[in-house]
Protein chains: 2
Amino acid sequence: MTIVILVRPQMGENIGAAARIMKNFGIFDLRIVAPRDSWPNKKAEAMAVGAIDILKNAKIFETLEEAASDIQYLVATTARMREMEKPVLDSAVINKKIMENANKGRKCAVMFGPERTGLTNQEVVLADAIVTIPVNEEYSSVNLAQSVAIICYELSRDKKKASSKPERSPMAAKNDIISLFNNLEQQLDKKEFFRPREKRQKMVDNLRNIFLKASLTEQEVRTLRGVITSLAREDKK
Amino acid sequence: MTIVILVRPQMGENIGAAARIMKNFGIFDLRIVAPRDSWPNKKAEAMAVGAIDILKNAKIFETLEEAASDIQYLVATTARMREMEKPVLDSAVINKKIMENANKGRKCAVMFGPERTGLTNQEVVLADAIVTIPVNEEYSSVNLAQSVAIICYELSRDKKKASSKPERSPMAAKNDIISLFNNLEQQLDKKEFFRPREKRQKMVDNLRNIFLKASLTEQEVRTLRGVITSLAREDKK
């Protein structure tokens with residue numbers, strides 16, 4: 001399971017928000033290097049909401065060297081390009097890369113630098129790879145908690161199949177739909193809707209197409225049948 | 001360019017953080033429906049940092065109907081599954097889906113509900129599709145600004161132009177569709193269709209959803225308007 005390392009984070013709010021989004025994506029292991037403010041941190045706890053357990057279990061270190069000591073594959077998130085010979089991963093492939101390493105039994109972590117400055121070059125040097133989030137070059141300063149959100153989101157990809165939604169009401173069969181059409185067109189004929197007569201077929205086709213596009217369920221066909229009957233009824237006196 | 005709609009957001013901080021991450025990903029158009037606190041909002045501005053222009057240019061509306069009036073393809077972000085017959089998109093495919101629609105010249109938006117409750121069913125009914133972010137089922141409450149971050153991140157992926165294919169008849173904008181709904185529901189009220197009264201809202205939602213599923217064009221809205229008027233007219237004697 002991937003570990004998140006926050007290096008010298010400044011704002012408790014960001015630590016709390018990071019914990020919350022980690023838990024959202026089923027990532028539970030947080031390490032914090034030299035938080036600016038005292039620890040535990042009330043602002044972090046307020047932002048973590050239901051993810052307070054992530055904060056309680058977070059491990060605090062004085063240096064990145066200690067925090068990363070048992071890590072076998074370490075990825076650094078950076079906005080700026082560094083003049084370093086290191087593999088640079090687009091955020092979209094980080095999960096694949098981490099999985100390759102985790103599948104070899106390696107302990108993997110992603111680290112994030114402080115809000116104002118990001119990771120120092122010395123910190124980035126410790127990483128096996130750099131990951132960048134592709135942002136607008138004219139405004140590339142991403143909030144720390146938002147970077148954690150996007151990376152955790154990517155790390156959780158493909159872990160489970162998107163939940164397939166069982167159909168609540170079965171799709172209507174064509175005979176139901178055709179009988180709905182016949183009913184509607186009969187009512188509209190009574191109201192002399194299809195005029196001029198020579199355009200009737202074209203108008204019917206267009207009208208049928210509207211309802212076909214809706215992929216109606218059996219229940220919806222029943223509803224529309226009721227609507228048509230109701231609309232066509234004489235007004236209550 | 002995709003528009004972000006924040007519906008009844010509660011915390012200024014989240015509005016500001018949303019603006020910042022939007023700008024990070026080159027998304028500039030923000031609409032806000034009935035923010036809980038006064039507007040402009042100091043806390044939003046503090047969080048927006050360099051994205052204050054997004055806030056300054058944000059448009060404020062009283063209702064979602066107004067905010068979405070010119071939108072032709074509207075996506076609702078929801079955590080909970082809704083008991084609604086609507087296409088559900090995984091966040092990973094939202095960009096593809098929005099691009100398909102944008103390439104047809106449709107104005108597209110993604111909307112986000114308030115922090116505590118999310119979008120109401122009545123709000124979701126107006127959407128053409130639902131997008132969900134696949135999260136840990138045991139802790140699925142994602143911070144509003146973090147949801148915006150992940151969706152904006154996905155929206156900025158692979159921004160390449162596909163050859164745009166102009167539509168034969170443009171998609172109806174939401175104001176046309178809402179006015180069609182109002183007309184239909186008014187006619188049905190006259191006929192006392194919605195009974196028992198306590199089920200009216202649920203019945204209205206289901207009915208609206210049928211027509212939303214059809215992705216109506218402007219021409220089709222005119223056709224349906226004619227159908228409703230015609231059906232509701234007194235029989236010729």
# chains A, B, ... in the order shown; residues from 1 in each chain; ligands from 1

call {"tool": "residues_around", "arguments": {"residues": "stretch 59-74 of chain A", "least_positions_apart": "3", "cutoff": "7 Å", "atoms": "only C-alpha atoms", "output": "list in words"}}
result
Val7, Leu30, Arg31, Ile32, Val33, Ala34, Asn101, Arg106, Lys107, Cys108, Ala109, Val110, Ala127, Asp128 and Ala129 of chain A

call {"tool": "residues_around", "arguments": {"residues": "A:Lys23", "least_positions_apart": "3", "cutoff": "12 Å", "atoms": "only C-alpha atoms", "output": "count of residues only"}}
result
34

call {"tool": "calpha_fit_rmsd", "arguments": {"fixed": "chain A", "moving": "chain B"}}
result
24.1 Å

call {"tool": "residues_around", "arguments": {"residues": "stretch 206-208 of chain B", "least_positions_apart": "6", "cutoff": "10 Å", "atoms": "only C-alpha atoms", "output": "ChimeraX atom specification"}}
result
/A:219-220,223-224,227 /B:83-85,122,125-126,177-178,180-182,184-185,200
